[in-house]
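Text of run_12.pdb (PDB, C-alpha atoms) as supplied:
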MODEL        1
ATOM      1  CA  MET A 275       3.773   9.673   4.443  1.00  0.00           C
ATOM      2  CA  ASP A 276       2.218  10.992   1.246  1.00  0.00           C
ATOM      3  CA  SER A 277       4.691   9.021  -0.829  1.00  0.00           C
ATOM      4  CA  GLY A 278       3.333   5.769   0.579  1.00  0.00           C
ATOM      5  CA  GLU A 279       6.830   4.476   1.215  1.00  0.00           C
ATOM      6  CA  ILE A 280       7.093   1.432   3.459  1.00  0.00           C
ATOM      7  CA  LYS A 281      10.271  -0.259   4.673  1.00  0.00           C
ATOM      8  CA  ILE A 282      10.170  -3.916   5.661  1.00  0.00           C
ATOM      9  CA  GLU A 283      12.990  -5.577   7.563  1.00  0.00           C
ATOM     10  CA  THR A 284      13.573  -9.323   7.681  1.00  0.00           C
ATOM     11  CA  LYS A 285      15.753 -10.863  10.361  1.00  0.00           C
ATOM     12  CA  GLY A 286      17.230 -14.276  10.886  1.00  0.00           C
ATOM     13  CA  PHE A 287      17.873 -15.193   7.257  1.00  0.00           C
ATOM     14  CA  LYS A 288      21.145 -15.986   5.575  1.00  0.00           C
ATOM     15  CA  GLY A 289      22.235 -15.648   1.962  1.00  0.00           C
ATOM     16  CA  LYS A 290      19.669 -16.231  -0.789  1.00  0.00           C
ATOM     17  CA  SER A 291      16.991 -17.354   1.630  1.00  0.00           C
ATOM     18  CA  CYS A 292      16.207 -13.681   2.087  1.00  0.00           C
ATOM     19  CA  ILE A 293      14.779 -13.565  -1.431  1.00  0.00           C
ATOM     20  CA  GLU A 294      12.778 -16.750  -0.942  1.00  0.00           C
ATOM     21  CA  GLU A 295      11.437 -15.735   2.432  1.00  0.00           C
ATOM     22  CA  SER A 296      10.424 -12.265   1.289  1.00  0.00           C
ATOM     23  CA  GLN A 297       8.652 -13.512  -1.826  1.00  0.00           C
ATOM     24  CA  PHE A 298       5.333 -13.795   0.010  1.00  0.00           C
ATOM     25  CA  LEU A 299       5.449 -10.066   0.692  1.00  0.00           C
ATOM     26  CA  LYS A 300       5.955  -9.269  -2.977  1.00  0.00           C
ATOM     27  CA  ASP A 301       3.169 -11.645  -3.979  1.00  0.00           C
ATOM     28  CA  LEU A 302       0.959 -10.012  -1.383  1.00  0.00           C
ATOM     29  CA  LEU A 303       1.625  -6.406  -2.274  1.00  0.00           C
ATOM     30  CA  GLY A 304       1.838  -6.393  -6.039  1.00  0.00           C
ATOM     31  CA  GLU A 305       4.261  -6.599  -8.889  1.00  0.00           C
ATOM     32  CA  GLU A 306       7.999  -6.413  -8.419  1.00  0.00           C
ATOM     33  CA  LYS A 307       9.263  -3.745 -10.788  1.00  0.00           C
ATOM     34  CA  ALA A 308      12.966  -3.808  -9.977  1.00  0.00           C
ATOM     35  CA  ARG A 309      15.395  -5.757  -7.825  1.00  0.00           C
ATOM     36  CA  ASN A 310      18.880  -4.785  -6.744  1.00  0.00           C
ATOM     37  CA  LEU A 311      21.170  -7.282  -5.048  1.00  0.00           C
ATOM     38  CA  VAL A 312      23.188  -5.563  -2.381  1.00  0.00           C
ATOM     39  CA  PRO A 313      25.554  -6.798   0.289  1.00  0.00           C
ATOM     40  CA  ALA A 314      23.340  -6.539   3.323  1.00  0.00           C
ATOM     41  CA  TYR A 315      25.800  -7.819   5.835  1.00  0.00           C
ATOM     42  CA  TYR A 316      28.894  -6.016   7.003  1.00  0.00           C
ATOM     43  CA  THR A 317      31.218  -6.415   9.875  1.00  0.00           C
ATOM     44  CA  ARG A 318      31.860  -3.864  12.541  1.00  0.00           C
ATOM     45  CA  ASN A 319      34.278  -4.728  15.357  1.00  0.00           C
ATOM     46  CA  LYS A 320      34.159  -8.396  14.298  1.00  0.00           C
ATOM     47  CA  THR A 321      30.395  -8.433  14.785  1.00  0.00           C
ATOM     48  CA  ALA A 322      28.045  -9.181  11.871  1.00  0.00           C
ATOM     49  CA  ILE A 323      25.203  -6.681  11.700  1.00  0.00           C
ATOM     50  CA  ARG A 324      22.124  -6.960   9.485  1.00  0.00           C
ATOM     51  CA  LYS A 325      20.773  -3.844   7.830  1.00  0.00           C
ATOM     52  CA  TYR A 326      17.123  -3.193   7.188  1.00  0.00           C
ATOM     53  CA  LEU A 327      15.866  -3.763   3.696  1.00  0.00           C
ATOM     54  CA  PRO A 328      13.514  -1.301   2.035  1.00  0.00           C
ATOM     55  CA  LEU A 329      11.343  -3.629   0.043  1.00  0.00           C
ATOM     56  CA  CYS A 330       8.613  -1.243  -0.987  1.00  0.00           C
ATOM     57  CA  GLY A 331       9.152   2.104  -2.620  1.00  0.00           C
TER
ATOM     58  CA  MET B 128      23.564 -11.381   0.062  1.00  0.00           C
ATOM     59  CA  SER B 129      20.298  -9.472   0.203  1.00  0.00           C
ATOM     60  CA  HIS B 130      18.259  -7.310  -2.078  1.00  0.00           C
ATOM     61  CA  ILE B 131      16.034  -4.302  -2.541  1.00  0.00           C
ATOM     62  CA  SER B 132      12.830  -4.660  -4.509  1.00  0.00           C
ATOM     63  CA  LYS B 133      10.589  -1.985  -5.952  1.00  0.00           C
ATOM     64  CA  ILE B 134       6.958  -3.031  -5.804  1.00  0.00           C
ATOM     65  CA  GLU B 135       4.000  -1.535  -7.653  1.00  0.00           C
ATOM     66  CA  LEU B 136       1.257  -1.820  -5.083  1.00  0.00           C
ATOM     67  CA  GLU B 137      -1.941  -3.629  -5.997  1.00  0.00           C
ATOM     68  CA  ILE B 138      -4.943  -3.771  -3.720  1.00  0.00           C
ATOM     69  CA  ARG B 139      -5.771  -7.449  -3.500  1.00  0.00           C
ATOM     70  CA  ASP B 140      -7.248  -7.868  -0.042  1.00  0.00           C
ATOM     71  CA  LEU B 141     -10.431  -6.031   0.824  1.00  0.00           C
ATOM     72  CA  GLN B 142     -10.254  -6.949   4.506  1.00  0.00           C
ATOM     73  CA  SER B 143      -6.874  -5.223   4.777  1.00  0.00           C
ATOM     74  CA  LEU B 144      -8.358  -2.200   3.006  1.00  0.00           C
ATOM     75  CA  LYS B 145     -11.201  -2.178   5.515  1.00  0.00           C
ATOM     76  CA  ASP B 146      -8.699  -2.352   8.364  1.00  0.00           C
ATOM     77  CA  ALA B 147      -6.715   0.493   6.825  1.00  0.00           C
ATOM     78  CA  CYS B 148      -9.859   2.605   6.556  1.00  0.00           C
ATOM     79  CA  LYS B 149     -10.685   1.939  10.185  1.00  0.00           C
ATOM     80  CA  LYS B 150      -7.169   2.910  11.221  1.00  0.00           C
ATOM     81  CA  LEU B 151      -7.417   6.184   9.293  1.00  0.00           C
ATOM     82  CA  GLY B 152     -10.902   6.970  10.546  1.00  0.00           C
ATOM     83  CA  PHE B 153     -12.549   6.411   7.160  1.00  0.00           C
ATOM     84  CA  GLN B 154     -15.769   4.511   6.564  1.00  0.00           C
ATOM     85  CA  PHE B 155     -15.766   1.511   4.263  1.00  0.00           C
ATOM     86  CA  MET B 156     -19.194   1.489   2.610  1.00  0.00           C
ATOM     87  CA  GLU B 157     -19.516  -2.082   1.426  1.00  0.00           C
ATOM     88  CA  GLY B 158     -21.712  -2.478  -1.632  1.00  0.00           C
ATOM     89  CA  GLN B 159     -22.185   1.223  -2.239  1.00  0.00           C
ATOM     90  CA  LYS B 160     -22.106   1.398  -6.036  1.00  0.00           C
ATOM     91  CA  HIS B 161     -21.607   5.116  -6.533  1.00  0.00           C
ATOM     92  CA  TYR B 162     -19.033   7.498  -5.092  1.00  0.00           C
ATOM     93  CA  GLN B 163     -19.333  11.255  -4.778  1.00  0.00           C
ATOM     94  CA  TRP B 164     -17.323  13.245  -7.297  1.00  0.00           C
ATOM     95  CA  TYR B 165     -17.710  16.431  -9.301  1.00  0.00           C
ATOM     96  CA  GLY B 166     -20.165  14.642 -11.536  1.00  0.00           C
ATOM     97  CA  LYS B 167     -18.776  15.755 -14.848  1.00  0.00           C
ATOM     98  CA  TRP B 168     -15.524  14.891 -16.583  1.00  0.00           C
ATOM     99  CA  VAL B 169     -13.615  18.072 -17.445  1.00  0.00           C
ATOM    100  CA  GLY B 170     -10.635  16.357 -19.037  1.00  0.00           C
ATOM    101  CA  ASN B 171      -7.895  18.090 -17.093  1.00  0.00           C
ATOM    102  CA  GLN B 172      -6.230  14.831 -16.030  1.00  0.00           C
ATOM    103  CA  PRO B 173      -5.737  11.521 -17.813  1.00  0.00           C
ATOM    104  CA  LEU B 174      -8.083   8.705 -16.894  1.00  0.00           C
ATOM    105  CA  PRO B 175      -6.635   5.545 -15.344  1.00  0.00           C
ATOM    106  CA  ASP B 176      -5.915   2.681 -17.733  1.00  0.00           C
ATOM    107  CA  GLY B 177      -9.086   0.865 -18.713  1.00  0.00           C
ATOM    108  CA  ILE B 178     -11.393   3.559 -17.349  1.00  0.00           C
ATOM    109  CA  ASN B 179     -13.728   5.494 -19.634  1.00  0.00           C
ATOM    110  CA  GLU B 180     -15.670   8.642 -18.915  1.00  0.00           C
ATOM    111  CA  LYS B 181     -18.865   6.613 -18.532  1.00  0.00           C
ATOM    112  CA  ASP B 182     -17.224   4.544 -15.791  1.00  0.00           C
ATOM    113  CA  LEU B 183     -16.699   7.544 -13.543  1.00  0.00           C
ATOM    114  CA  GLY B 184     -18.802   7.635 -10.392  1.00  0.00           C
ATOM    115  CA  LYS B 185     -19.474   3.894 -10.480  1.00  0.00           C
ATOM    116  CA  CYS B 186     -17.823   1.319  -8.254  1.00  0.00           C
ATOM    117  CA  ASP B 187     -18.214  -1.906  -6.260  1.00  0.00           C
ATOM    118  CA  HIS B 188     -17.640  -0.339  -2.840  1.00  0.00           C
ATOM    119  CA  THR B 189     -16.964   3.145  -1.545  1.00  0.00           C
ATOM    120  CA  ILE B 190     -14.712   4.768   1.024  1.00  0.00           C
ATOM    121  CA  HIS B 191     -16.174   7.760   2.796  1.00  0.00           C
ATOM    122  CA  VAL B 192     -13.785  10.225   4.408  1.00  0.00           C
ATOM    123  CA  PRO B 193     -15.801  12.055   7.071  1.00  0.00           C
ATOM    124  CA  ALA B 194     -14.084  15.410   6.568  1.00  0.00           C
ATOM    125  CA  ALA B 195     -14.374  15.349   2.776  1.00  0.00           C
ATOM    126  CA  VAL B 196     -17.202  15.928   0.327  1.00  0.00           C
ATOM    127  CA  PHE B 197     -15.955  13.550  -2.352  1.00  0.00           C
ATOM    128  CA  GLU B 198     -15.584   9.811  -1.891  1.00  0.00           C
ATOM    129  CA  ILE B 199     -13.305   7.070  -3.167  1.00  0.00           C
ATOM    130  CA  GLY B 200     -14.654   4.342  -5.394  1.00  0.00           C
ATOM    131  CA  ILE B 201     -13.268   0.812  -5.216  1.00  0.00           C
ATOM    132  CA  VAL B 202     -13.504  -1.019  -8.519  1.00  0.00           C
ATOM    133  CA  ARG B 203     -12.720  -4.686  -8.923  1.00  0.00           C
ATOM    134  CA  ARG B 204     -10.336  -5.457 -11.734  1.00  0.00           C
ATOM    135  CA  GLY B 205      -9.333  -9.082 -12.117  1.00  0.00           C
ATOM    136  CA  ASN B 206      -7.743 -10.293  -8.903  1.00  0.00           C
ATOM    137  CA  ALA B 207      -7.210  -6.794  -7.578  1.00  0.00           C
ATOM    138  CA  HIS B 208      -9.034  -3.538  -6.993  1.00  0.00           C
ATOM    139  CA  ILE B 209      -8.322  -0.014  -8.156  1.00  0.00           C
ATOM    140  CA  LEU B 210      -9.203   3.214  -6.413  1.00  0.00           C
ATOM    141  CA  LEU B 211     -11.026   5.962  -8.268  1.00  0.00           C
ATOM    142  CA  TRP B 212     -11.490   9.439  -6.885  1.00  0.00           C
ATOM    143  CA  ASP B 213     -11.825  13.039  -7.997  1.00  0.00           C
ATOM    144  CA  SER B 214      -8.647  14.861  -6.992  1.00  0.00           C
ATOM    145  CA  TRP B 215     -10.140  18.341  -7.208  1.00  0.00           C
ATOM    146  CA  VAL B 216      -8.974  20.160  -4.095  1.00  0.00           C
ATOM    147  CA  GLY B 217     -12.483  21.343  -3.325  1.00  0.00           C
ATOM    148  CA  GLY B 218     -13.558  17.757  -2.818  1.00  0.00           C
ATOM    149  CA  GLY B 219     -11.324  17.579   0.241  1.00  0.00           C
ATOM    150  CA  LEU B 220      -9.805  14.146  -0.326  1.00  0.00           C
ATOM    151  CA  GLN B 221      -6.142  14.826  -1.027  1.00  0.00           C
ATOM    152  CA  LYS B 222      -5.270  16.267   2.355  1.00  0.00           C
ATOM    153  CA  HIS B 223      -6.639  13.121   4.002  1.00  0.00           C
ATOM    154  CA  ILE B 224      -5.539  10.359   1.654  1.00  0.00           C
ATOM    155  CA  GLY B 225      -2.314  11.942   0.396  1.00  0.00           C
ATOM    156  CA  LYS B 226      -1.131  12.700  -3.099  1.00  0.00           C
ATOM    157  CA  ASP B 227      -2.049   9.763  -5.342  1.00  0.00           C
ATOM    158  CA  ALA B 228      -3.727   8.267  -2.251  1.00  0.00           C
ATOM    159  CA  GLY B 229      -0.280   7.541  -0.825  1.00  0.00           C
ATOM    160  CA  THR B 230      -1.454   7.658   2.777  1.00  0.00           C
ATOM    161  CA  LEU B 231      -4.309   5.253   2.144  1.00  0.00           C
ATOM    162  CA  LYS B 232      -2.142   2.894   0.092  1.00  0.00           C
ATOM    163  CA  GLN B 233       0.518   2.899   2.768  1.00  0.00           C
ATOM    164  CA  ALA B 234      -2.029   2.069   5.448  1.00  0.00           C
ATOM    165  CA  TYR B 235      -3.391  -0.729   3.272  1.00  0.00           C
ATOM    166  CA  ALA B 236       0.073  -2.176   2.669  1.00  0.00           C
ATOM    167  CA  ILE B 237       0.851  -2.097   6.389  1.00  0.00           C
ATOM    168  CA  GLU B 238      -2.370  -3.887   7.331  1.00  0.00           C
ATOM    169  CA  SER B 239      -1.898  -6.385   4.532  1.00  0.00           C
ATOM    170  CA  VAL B 240       1.652  -7.222   5.566  1.00  0.00           C
ATOM    171  CA  LYS B 241       0.707  -7.451   9.233  1.00  0.00           C
ATOM    172  CA  ARG B 242      -2.172  -9.808   8.508  1.00  0.00           C
ATOM    173  CA  GLU B 243      -0.187 -12.163   6.299  1.00  0.00           C
ATOM    174  CA  SER B 244       2.936 -12.070   8.429  1.00  0.00           C
ATOM    175  CA  ARG B 245       1.027 -13.052  11.556  1.00  0.00           C
ATOM    176  CA  ARG B 246      -0.673 -15.840   9.633  1.00  0.00           C
ATOM    177  CA  LYS B 247       2.766 -17.194   8.753  1.00  0.00           C
ATOM    178  CA  GLY B 248       3.897 -16.997  12.339  1.00  0.00           C
ATOM    179  CA  TYR B 249       6.132 -13.957  12.166  1.00  0.00           C
ATOM    180  CA  ARG B 250       6.323 -11.431  14.920  1.00  0.00           C
ATOM    181  CA  ILE B 251       5.969  -7.933  13.517  1.00  0.00           C
ATOM    182  CA  THR B 252       6.746  -4.501  14.862  1.00  0.00           C
ATOM    183  CA  GLU B 253       5.818  -1.199  13.317  1.00  0.00           C
ATOM    184  CA  LYS B 254       7.824   1.992  13.679  1.00  0.00           C
ATOM    185  CA  LYS B 255       7.061   5.376  12.172  1.00  0.00           C
ATOM    186  CA  MET B 256      10.113   6.972  10.594  1.00  0.00           C
ATOM    187  CA  LYS B 257      10.767  10.452   9.274  1.00  0.00           C
ATOM    188  CA  LYS B 258       9.848   9.202   5.821  1.00  0.00           C
ATOM    189  CA  GLY B 259       7.437   6.319   5.822  1.00  0.00           C
ATOM    190  CA  VAL B 260       6.988   3.352   8.117  1.00  0.00           C
ATOM    191  CA  ARG B 261       9.402   0.535   8.971  1.00  0.00           C
ATOM    192  CA  LEU B 262       7.932  -2.932   9.499  1.00  0.00           C
ATOM    193  CA  SER B 263      10.264  -5.460  11.091  1.00  0.00           C
ATOM    194  CA  LEU B 264       9.478  -9.175  10.780  1.00  0.00           C
ATOM    195  CA  SER B 265      11.138 -11.818  12.915  1.00  0.00           C
ATOM    196  CA  PHE B 266      10.482 -15.335  14.186  1.00  0.00           C
TER
ENDMDL
END

What's the structure tokens form of this structure?
Amino acid sequence: MDSGEIKIETKGFKGKSCIEESQFLKDLLGEEKARNLVPAYYTRNKTAIRKYLPLCG
Amino acid sequence: MSHISKIELEIRDLQSLKDACKKLGFQFMEGQKHYQWYGKWVGNQPLPDGINEKDLGKCDHTIHVPAAVFEIGIVRRGNAHILLWDSWVGGGLQKHIGKDAGTLKQAYAIESVKRESRRKGYRITEKKMKKGVRLSLSF
């Protein structure tokens, strides 16, 4: 808690729309210092599962 | 494809800060122009960027933490606000607001995200984790 870390998860987006849809959060909270593109989707038993995205550190 | 962003938090919305204070049990003293601190700069820590010794103790609004002696000053800077406070342990603030005011900043960010997300029509859930808080947004 003292670190102030917050994790925000977006659901229902595909591909690059994740960046576009999450932009309002970055604009709201402050300045984006770093961005890492990661594969957020992986398949387990032929089922696509979305992982949460920690947007604020 | 998705991404991870590192954000440097800026306090841009006073209403969200007020909501965060309420959630934490703090009092937002709107218009109070001075905050309680030691009263004298001893030079043991660097001053925030753009802040001089003569600026200390002055603010646009104040946050009062009931269990603490010292207070937090809110100073407008451009489109955002900065928090000023005396971190001396005797002032009693750190154990309530966290190191570097992490607890207060986290509460502010949560309220800010909740407010804006609802305005945009998202449904939002909040879950406390071992480290931090997870906010989940969905349509």

Checklist line | Neighbours of chain A in chain B at 9 Å, counting all atoms listed in the file, as a VMD selection string | finding: chain B and resid 128 to 140 224 to 234 236 to 237 239 to 240 243 to 244 257 to 266

Next item on the list: Could you check how far atom CA of B:Pro173 sits from atom CA of B:Gln159, in Å to one decimal?
Entry: 24.9 Å

Note to self: One number please: atom CA of B:Ser143 to atom CA of B:Lys181, in Å, one decimal.
What the structure shows: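 We find that atom CA of B:Ser143 and atom CA of B:Lys181 lie 28.8 Å from each other.
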
Note to self: Please report the interatomic distance between atom CA of B:Asn206 and atom CA of B:Gly170 in Å with one decimal.
What the structure shows: 28.7 Å

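The result of the PyMOL selection byres ((chain B and resi 175) around 12) on the shown file is Gln172, Pro173, Leu174, Asp176, Gly177, Ile178, Asn179, Glu180, Asp182, Leu183, Val202, Ile209, Leu210, Leu211, Trp212, Asp213 and Asp227 of chain B.
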
Generate the output file for the selected residues, C-alpha atoms, as a CSV table (one decimal), keeping the file's coordinate frame.
chain,number,residue,atom,x,y,z
B,172,GLN,CA,-6.2,14.8,-16.0
B,173,PRO,CA,-5.7,11.5,-17.8
B,174,LEU,CA,-8.1,8.7,-16.9
B,176,ASP,CA,-5.9,2.7,-17.7
B,177,GLY,CA,-9.1,0.9,-18.7
B,178,ILE,CA,-11.4,3.6,-17.3
B,179,ASN,CA,-13.7,5.5,-19.6
B,180,GLU,CA,-15.7,8.6,-18.9
B,182,ASP,CA,-17.2,4.5,-15.8
B,183,LEU,CA,-16.7,7.5,-13.5
B,202,VAL,CA,-13.5,-1.0,-8.5
B,209,ILE,CA,-8.3,0.0,-8.2
B,210,LEU,CA,-9.2,3.2,-6.4
B,211,LEU,CA,-11.0,6.0,-8.3
B,212,TRP,CA,-11.5,9.4,-6.9
B,213,ASP,CA,-11.8,13.0,-8.0
B,227,ASP,CA,-2.0,9.8,-5.3

Notebook entry, point to check: Near B:Leu220, within 7 Å and counting all atoms listed in the file, which residues show up once chain neighbours fewer than 5 positions away are dropped, as an MDAnalysis selection string?
Noted result: chainID B and resid 195 197 214

Next item on the list: Could you please give me, as a list in words, the residues of protein, DNA or RNA lying at most 8 Å from (-20.0, 7.6, 5.6) in the coordinate frame of the file, considering only C-alpha atoms?
Entry: Phe153, Gln154, Phe155, Met156, Ile190, His191, Val192 and Pro193 of chain B

Next item on the list: Show me as a VMD selection string the residues that reach within 7 Å of (-23.1, 1.0, -4.6), counting only C-alpha atoms and using the file's own coordinates.
Entry: chain B and resid 158 to 161 186 to 188
